[in-house]
Amino acid sequence: MMNATGKFLGFAGMMMAAGVVFGASAQASTVKVTPLGAVDGEFCPLDRAMIFEDPDGTRILYDAGRTVAGPDDARLGEIDAVLLSHMHGDHLGDRHIEAVNASECGKPSFPVDVRSISNTVQIAKAKDALIVTGSEMPPILGGKLESIGGDPKKSVLVRFGASRMVGGVKITTVPAVHSNGVSGSFLGGPLGEMLEKSGVTAYAGPPTGYVLTFSNGLSAYLSGDTGITAEQDKVVRGHYDAKLVVMNIGDTFTTGPNEAAYVINDLVMPASVIPSHANEWATDGGMVRAGTRTEAFINAVDVPVYLPLSGKIMEFDAGGVCTIGC
């Protein structure tokens, strides 16, 4: 066996080189997914947030919402990019928990009011992270970053059909069928006051889902809040070939469990799915509660379902198969 200079390696050198290659390959094989909910080891009503860590160390926070305890939440660590599917308070983070485990899973409490800045913007500023969004959201979020001393250029755009690299992760947005209003309390000023008094919101363009393509080859679809869309077949499966899905199942505001199961079984057809946005007390002691939407979804899908238990790290290979923390 020859090295890069063309010289032959001895047996020890060959074994050392093989070890380095094997170690690098093993280290670079999986994407880590860490749910950040209100209560450790549970899936609670307003849990939304997840961190995706690429094999190269790039860390992406998805929909910080209300269950990250602000930028000082120790679970965050380094964050390179923050994704926001749409501007509703439970995803943007108009309020947030005071601390992990500060309230019961069935009755989470969000006493910290950050509606004029948002959890998303505060975290991005503190972590010096990009905010990567689609439609008309970037300038709105950039303005908020600037208002607290951040760089508005850190709020960047990626529209449908385009992509942006953050570290080794390719990020694109895909259509979601939902609303995307900005509250008056977030906008502030005379316009914000007018909106609040009239009971309407400002339009921020269409909401989005995301497809992340990681450096190990895994393609993951993050649905955001959506109903059933044709793009889940033609774009998410047909073009991006998503093998892992984070799927909203909460009904009324988004797809219900049966509709979400149709998306998984008949449209996207991934290898694995993580339910999200259940809008219910889904687990007790880490086990699914009987009669829940989460249980109905698990029973209706044809692929493995992995619960987003807060703080529990799951690892997925390039084919979307859970290998650790399953």
# chains A, B, ... in the order shown; residues from 1 in each chain; ligands from 1
$ select_by_dssp --residues "stretch 67-190 of chain A" --states "strand (DSSP E)" --output "PyMOL selection string"
chain A and resi 81-83+95-96+112-113+130-133+155-157+164-166+169-175+181-182
$ select_by_dssp --residues "stretch 80-318 of chain A" --states "alpha helix (DSSP H)" --output "PyMOL selection string"
chain A and resi 89-92+119-127+137-147+184-187+189-198+231+257-262+293-300
$ residues_around --residues "A:Ser272" --least-positions-apart "3" --cutoff "7 Å" --atoms "only C-alpha atoms" --output "compact mmCIF listing (two decimals) with N, CA, C and O atoms, in the first residue's frame"
# COMPACT_ATOMS: atom_id res chain seq x y z
N LYS A 243 -35.69 10.54 3.35
CA LYS A 243 -35.73 9.25 4.04
C LYS A 243 -36.14 9.38 5.51
O LYS A 243 -36.49 8.40 6.16
N LEU A 244 -36.05 10.59 6.05
CA LEU A 244 -36.49 10.88 7.41
C LEU A 244 -37.47 12.05 7.36
O LEU A 244 -37.22 13.02 6.65
N VAL A 245 -38.57 11.93 8.08
CA VAL A 245 -39.58 13.00 8.10
C VAL A 245 -39.88 13.39 9.54
O VAL A 245 -40.03 12.53 10.42
N VAL A 303 -44.19 2.74 8.65
CA VAL A 303 -42.74 2.81 8.88
C VAL A 303 -42.49 3.03 10.37
O VAL A 303 -43.39 3.40 11.12
N PRO A 304 -41.26 2.80 10.83
CA PRO A 304 -40.95 3.03 12.24
C PRO A 304 -41.18 4.48 12.65
O PRO A 304 -40.84 5.41 11.92
N VAL A 305 -41.78 4.64 13.84
CA VAL A 305 -42.06 5.95 14.41
C VAL A 305 -41.19 6.13 15.64
O VAL A 305 -41.18 5.27 16.53
N GLY A 320 -31.93 6.90 6.46
CA GLY A 320 -33.02 7.26 7.35
C GLY A 320 -33.33 6.22 8.41
O GLY A 320 -34.37 6.28 9.06
N VAL A 321 -32.44 5.26 8.60
CA VAL A 321 -32.63 4.22 9.60
C VAL A 321 -32.06 4.69 10.93
O VAL A 321 -30.92 5.16 10.98
$ atom_distance --atom1 "atom CA of A:Ile140" --atom2 "atom CA of A:Asp47"
24.4 Å
$ residues_around --residues "A:Pro111" --least-positions-apart "2" --cutoff "7 Å" --atoms "only C-alpha atoms" --output "list in words"
Arg95, His96, Ile97, Glu98, Ser109 and Asp113 of chain A
$ write_last_selection --atoms "C-alpha atoms" --output "PDB file, in the first residue's frame"
ATOM      1  CA  ARG A  95     -43.067  33.157  25.224  1.00  0.00           C
ATOM      2  CA  HIS A  96     -40.899  30.410  26.623  1.00  0.00           C
ATOM      3  CA  ILE A  97     -40.305  28.141  29.579  1.00  0.00           C
ATOM      4  CA  GLU A  98     -38.350  29.488  32.530  1.00  0.00           C
ATOM      5  CA  SER A 109     -46.009  26.900  31.581  1.00  0.00           C
ATOM      6  CA  ASP A 113     -42.705  36.945  27.678  1.00  0.00           C
TER       7      ASP A 113
END
$ closest_residue --among "A:Ser103, A:Thr283, A:Ser135, A:Thr173" --to "A:Val211" --atoms "only C-alpha atoms"
A:Thr173
$ closest_residue --among "A:Thr67, A:Thr30, A:Ser183, A:Ser219" --to "A:Leu195" --atoms "only C-alpha atoms"
A:Ser183
$ residues_around --residues "A:Tyr240" --least-positions-apart "6" --cutoff "12 Å" --atoms "only C-alpha atoms" --output "PDB file with N, CA, C and O atoms, in the first residue's frame"
ATOM      1  N   GLY A 161     -37.189  25.732  -4.376  1.00  0.00           N
ATOM      2  CA  GLY A 161     -36.391  25.350  -5.526  1.00  0.00           C
ATOM      3  C   GLY A 161     -34.953  25.798  -5.465  1.00  0.00           C
ATOM      4  O   GLY A 161     -34.146  25.400  -6.300  1.00  0.00           O
ATOM      5  N   SER A 163     -31.380  26.599  -2.823  1.00  0.00           N
ATOM      6  CA  SER A 163     -30.763  25.991  -1.648  1.00  0.00           C
ATOM      7  C   SER A 163     -29.659  26.881  -1.121  1.00  0.00           C
ATOM      8  O   SER A 163     -29.169  27.772  -1.815  1.00  0.00           O
ATOM      9  N   LYS A 170     -27.103  21.114   3.185  1.00  0.00           N
ATOM     10  CA  LYS A 170     -27.814  21.878   2.162  1.00  0.00           C
ATOM     11  C   LYS A 170     -29.250  22.067   2.624  1.00  0.00           C
ATOM     12  O   LYS A 170     -29.953  21.108   2.946  1.00  0.00           O
ATOM     13  N   ILE A 171     -29.694  23.327   2.653  1.00  0.00           N
ATOM     14  CA  ILE A 171     -31.022  23.680   3.156  1.00  0.00           C
ATOM     15  C   ILE A 171     -31.862  24.231   2.026  1.00  0.00           C
ATOM     16  O   ILE A 171     -31.423  25.130   1.288  1.00  0.00           O
ATOM     17  N   THR A 172     -33.070  23.692   1.877  1.00  0.00           N
ATOM     18  CA  THR A 172     -34.022  24.290   0.949  1.00  0.00           C
ATOM     19  C   THR A 172     -35.390  24.356   1.621  1.00  0.00           C
ATOM     20  O   THR A 172     -35.652  23.639   2.597  1.00  0.00           O
ATOM     21  N   THR A 173     -36.237  25.242   1.130  1.00  0.00           N
ATOM     22  CA  THR A 173     -37.612  25.313   1.610  1.00  0.00           C
ATOM     23  C   THR A 173     -38.536  24.654   0.600  1.00  0.00           C
ATOM     24  O   THR A 173     -38.267  24.652  -0.598  1.00  0.00           O
ATOM     25  N   VAL A 174     -39.627  24.081   1.123  1.00  0.00           N
ATOM     26  CA  VAL A 174     -40.650  23.465   0.290  1.00  0.00           C
ATOM     27  C   VAL A 174     -42.011  23.978   0.740  1.00  0.00           C
ATOM     28  O   VAL A 174     -42.174  24.428   1.871  1.00  0.00           O
ATOM     29  N   TYR A 210     -39.077  22.425   5.257  1.00  0.00           N
ATOM     30  CA  TYR A 210     -37.666  22.390   4.864  1.00  0.00           C
ATOM     31  C   TYR A 210     -37.280  20.988   4.419  1.00  0.00           C
ATOM     32  O   TYR A 210     -37.845  19.998   4.884  1.00  0.00           O
ATOM     33  N   VAL A 211     -36.310  20.918   3.533  1.00  0.00           N
ATOM     34  CA  VAL A 211     -35.594  19.672   3.281  1.00  0.00           C
ATOM     35  C   VAL A 211     -34.121  19.942   3.564  1.00  0.00           C
ATOM     36  O   VAL A 211     -33.532  20.886   3.014  1.00  0.00           O
ATOM     37  N   LEU A 212     -33.547  19.142   4.453  1.00  0.00           N
ATOM     38  CA  LEU A 212     -32.127  19.233   4.788  1.00  0.00           C
ATOM     39  C   LEU A 212     -31.418  18.023   4.190  1.00  0.00           C
ATOM     40  O   LEU A 212     -31.843  16.885   4.401  1.00  0.00           O
ATOM     41  N   THR A 213     -30.346  18.276   3.460  1.00  0.00           N
ATOM     42  CA  THR A 213     -29.525  17.196   2.931  1.00  0.00           C
ATOM     43  C   THR A 213     -28.176  17.261   3.632  1.00  0.00           C
ATOM     44  O   THR A 213     -27.441  18.251   3.494  1.00  0.00           O
ATOM     45  N   PHE A 214     -27.878  16.223   4.397  1.00  0.00           N
ATOM     46  CA  PHE A 214     -26.697  16.219   5.252  1.00  0.00           C
ATOM     47  C   PHE A 214     -25.486  15.639   4.528  1.00  0.00           C
ATOM     48  O   PHE A 214     -25.604  15.012   3.471  1.00  0.00           O
ATOM     49  N   GLY A 217     -25.370  12.112   3.287  1.00  0.00           N
ATOM     50  CA  GLY A 217     -26.314  11.747   2.238  1.00  0.00           C
ATOM     51  C   GLY A 217     -27.760  11.682   2.680  1.00  0.00           C
ATOM     52  O   GLY A 217     -28.663  11.580   1.844  1.00  0.00           O
ATOM     53  N   LEU A 218     -28.018  11.744   3.996  1.00  0.00           N
ATOM     54  CA  LEU A 218     -29.392  11.695   4.483  1.00  0.00           C
ATOM     55  C   LEU A 218     -30.164  12.941   4.061  1.00  0.00           C
ATOM     56  O   LEU A 218     -29.691  14.064   4.208  1.00  0.00           O
ATOM     57  N   SER A 219     -31.376  12.729   3.543  1.00  0.00           N
ATOM     58  CA  SER A 219     -32.289  13.822   3.213  1.00  0.00           C
ATOM     59  C   SER A 219     -33.476  13.765   4.164  1.00  0.00           C
ATOM     60  O   SER A 219     -34.139  12.732   4.277  1.00  0.00           O
ATOM     61  N   ALA A 220     -33.729  14.875   4.880  1.00  0.00           N
ATOM     62  CA  ALA A 220     -34.786  14.922   5.897  1.00  0.00           C
ATOM     63  C   ALA A 220     -35.793  16.017   5.567  1.00  0.00           C
ATOM     64  O   ALA A 220     -35.408  17.149   5.260  1.00  0.00           O
ATOM     65  N   TYR A 221     -37.071  15.678   5.643  1.00  0.00           N
ATOM     66  CA  TYR A 221     -38.167  16.618   5.392  1.00  0.00           C
ATOM     67  C   TYR A 221     -38.745  17.068   6.721  1.00  0.00           C
ATOM     68  O   TYR A 221     -39.183  16.248   7.527  1.00  0.00           O
ATOM     69  N   GLU A 231     -46.898  18.526  -3.371  1.00  0.00           N
ATOM     70  CA  GLU A 231     -45.445  18.617  -3.361  1.00  0.00           C
ATOM     71  C   GLU A 231     -44.801  17.550  -2.478  1.00  0.00           C
ATOM     72  O   GLU A 231     -43.629  17.211  -2.654  1.00  0.00           O
ATOM     73  N   GLN A 232     -45.560  17.038  -1.499  1.00  0.00           N
ATOM     74  CA  GLN A 232     -44.996  15.982  -0.658  1.00  0.00           C
ATOM     75  C   GLN A 232     -44.675  14.733  -1.481  1.00  0.00           C
ATOM     76  O   GLN A 232     -43.755  13.987  -1.141  1.00  0.00           O
ATOM     77  N   ASP A 233     -45.408  14.535  -2.554  1.00  0.00           N
ATOM     78  CA  ASP A 233     -45.118  13.438  -3.475  1.00  0.00           C
ATOM     79  C   ASP A 233     -44.109  13.874  -4.527  1.00  0.00           C
ATOM     80  O   ASP A 233     -43.030  13.279  -4.672  1.00  0.00           O
ATOM     81  N   LYS A 234     -44.416  14.921  -5.259  1.00  0.00           N
ATOM     82  CA  LYS A 234     -43.633  15.304  -6.428  1.00  0.00           C
ATOM     83  C   LYS A 234     -42.276  15.919  -6.082  1.00  0.00           C
ATOM     84  O   LYS A 234     -41.302  15.732  -6.823  1.00  0.00           O
ATOM     85  N   VAL A 268     -44.727  10.636   0.793  1.00  0.00           N
ATOM     86  CA  VAL A 268     -43.278  10.757   0.993  1.00  0.00           C
ATOM     87  C   VAL A 268     -42.597   9.386   1.049  1.00  0.00           C
ATOM     88  O   VAL A 268     -41.523   9.192   0.507  1.00  0.00           O
ATOM     89  N   MET A 269     -43.219   8.443   1.740  1.00  0.00           N
ATOM     90  CA  MET A 269     -42.702   7.075   1.855  1.00  0.00           C
ATOM     91  C   MET A 269     -41.257   7.020   2.354  1.00  0.00           C
ATOM     92  O   MET A 269     -40.371   6.462   1.692  1.00  0.00           O
ATOM     93  N   PRO A 270     -40.979   7.617   3.518  1.00  0.00           N
ATOM     94  CA  PRO A 270     -39.612   7.605   4.052  1.00  0.00           C
ATOM     95  C   PRO A 270     -39.298   6.285   4.750  1.00  0.00           C
ATOM     96  O   PRO A 270     -40.154   5.390   4.837  1.00  0.00           O
TER      97      PRO A 270
END
$ residues_around --residues "A:Lys32" --least-positions-apart "3" --cutoff "7 Å" --atoms "only C-alpha atoms" --output "PyMOL selection string"
chain A and resi 52-54+313-316
$ write_last_selection --atoms "N, CA, C and O atoms" --output "mmCIF file, in the first residue's frame"
data_model
loop_
_atom_site.group_PDB
_atom_site.id
_atom_site.type_symbol
_atom_site.label_atom_id
_atom_site.label_comp_id
_atom_site.auth_asym_id
_atom_site.auth_seq_id
_atom_site.Cartn_x
_atom_site.Cartn_y
_atom_site.Cartn_z
ATOM 1 N N PHE A 52 -30.644 19.433 14.823
ATOM 2 C CA PHE A 52 -30.071 18.466 13.888
ATOM 3 C C PHE A 52 -28.574 18.731 13.808
ATOM 4 O O PHE A 52 -28.159 19.850 13.491
ATOM 5 N N GLU A 53 -27.785 17.697 14.089
ATOM 6 C CA GLU A 53 -26.332 17.845 14.046
ATOM 7 C C GLU A 53 -25.750 16.980 12.943
ATOM 8 O O GLU A 53 -25.880 15.748 12.949
ATOM 9 N N ASP A 54 -25.130 17.645 11.981
ATOM 10 C CA ASP A 54 -24.497 16.959 10.866
ATOM 11 C C ASP A 54 -23.244 16.225 11.338
ATOM 12 O O ASP A 54 -22.636 16.616 12.353
ATOM 13 N N ILE A 313 -31.264 11.796 22.432
ATOM 14 C CA ILE A 313 -30.613 11.910 21.130
ATOM 15 C C ILE A 313 -30.863 10.648 20.308
ATOM 16 O O ILE A 313 -30.675 9.533 20.780
ATOM 17 N N MET A 314 -31.307 10.855 19.083
ATOM 18 C CA MET A 314 -31.463 9.772 18.116
ATOM 19 C C MET A 314 -30.478 9.994 16.979
ATOM 20 O O MET A 314 -30.207 11.137 16.616
ATOM 21 N N GLU A 315 -29.959 8.908 16.427
ATOM 22 C CA GLU A 315 -29.029 9.020 15.315
ATOM 23 C C GLU A 315 -29.546 8.240 14.116
ATOM 24 O O GLU A 315 -30.047 7.116 14.263
ATOM 25 N N PHE A 316 -29.413 8.844 12.921
ATOM 26 C CA PHE A 316 -29.948 8.272 11.684
ATOM 27 C C PHE A 316 -28.856 8.176 10.633
ATOM 28 O O PHE A 316 -28.065 9.110 10.448
#
$ residues_around --residues "A:Val68" --least-positions-apart "5" --cutoff "8 Å" --atoms "only C-alpha atoms" --output "ChimeraX atom specification"
/A:36-38,49,73,96-97,100,119
$ write_last_selection --atoms "N, CA and C atoms" --output "PDB file, in the first residue's frame"
ATOM      1  N   LEU A  36     -35.980  19.254  21.908  1.00  0.00           N
ATOM      2  CA  LEU A  36     -35.853  20.136  23.074  1.00  0.00           C
ATOM      3  C   LEU A  36     -37.253  20.522  23.544  1.00  0.00           C
ATOM      4  N   GLY A  37     -37.807  19.718  24.435  1.00  0.00           N
ATOM      5  CA  GLY A  37     -39.156  19.950  24.937  1.00  0.00           C
ATOM      6  C   GLY A  37     -39.163  20.561  26.318  1.00  0.00           C
ATOM      7  N   ALA A  38     -40.357  20.644  26.902  1.00  0.00           N
ATOM      8  CA  ALA A  38     -40.524  21.294  28.198  1.00  0.00           C
ATOM      9  C   ALA A  38     -40.083  20.423  29.364  1.00  0.00           C
ATOM     10  N   ALA A  49     -39.321  22.213  19.181  1.00  0.00           N
ATOM     11  CA  ALA A  49     -37.915  22.432  18.848  1.00  0.00           C
ATOM     12  C   ALA A  49     -37.119  21.137  18.711  1.00  0.00           C
ATOM     13  N   ASP A  73     -30.289  28.439  27.506  1.00  0.00           N
ATOM     14  CA  ASP A  73     -30.627  27.033  27.705  1.00  0.00           C
ATOM     15  C   ASP A  73     -29.392  26.182  27.389  1.00  0.00           C
ATOM     16  N   HIS A  96     -41.627  31.667  26.483  1.00  0.00           N
ATOM     17  CA  HIS A  96     -40.899  30.410  26.623  1.00  0.00           C
ATOM     18  C   HIS A  96     -40.819  29.958  28.074  1.00  0.00           C
ATOM     19  N   ILE A  97     -40.432  28.709  28.244  1.00  0.00           N
ATOM     20  CA  ILE A  97     -40.305  28.141  29.579  1.00  0.00           C
ATOM     21  C   ILE A  97     -39.229  28.885  30.363  1.00  0.00           C
ATOM     22  N   VAL A 100     -36.115  24.010  32.022  1.00  0.00           N
ATOM     23  CA  VAL A 100     -36.563  22.655  31.727  1.00  0.00           C
ATOM     24  C   VAL A 100     -37.080  22.016  33.018  1.00  0.00           C
ATOM     25  N   ASN A 119     -38.137  34.265  20.874  1.00  0.00           N
ATOM     26  CA  ASN A 119     -37.119  33.293  21.251  1.00  0.00           C
ATOM     27  C   ASN A 119     -36.169  33.035  20.083  1.00  0.00           C
TER      28      ASN A 119
END
$ atom_distance --atom1 "atom CA of A:Ser155" --atom2 "atom CA of A:Asp80"
12.2 Å
$ atom_distance --atom1 "atom CA of A:Thr120" --atom2 "atom CA of A:Ala81"
10.5 Å
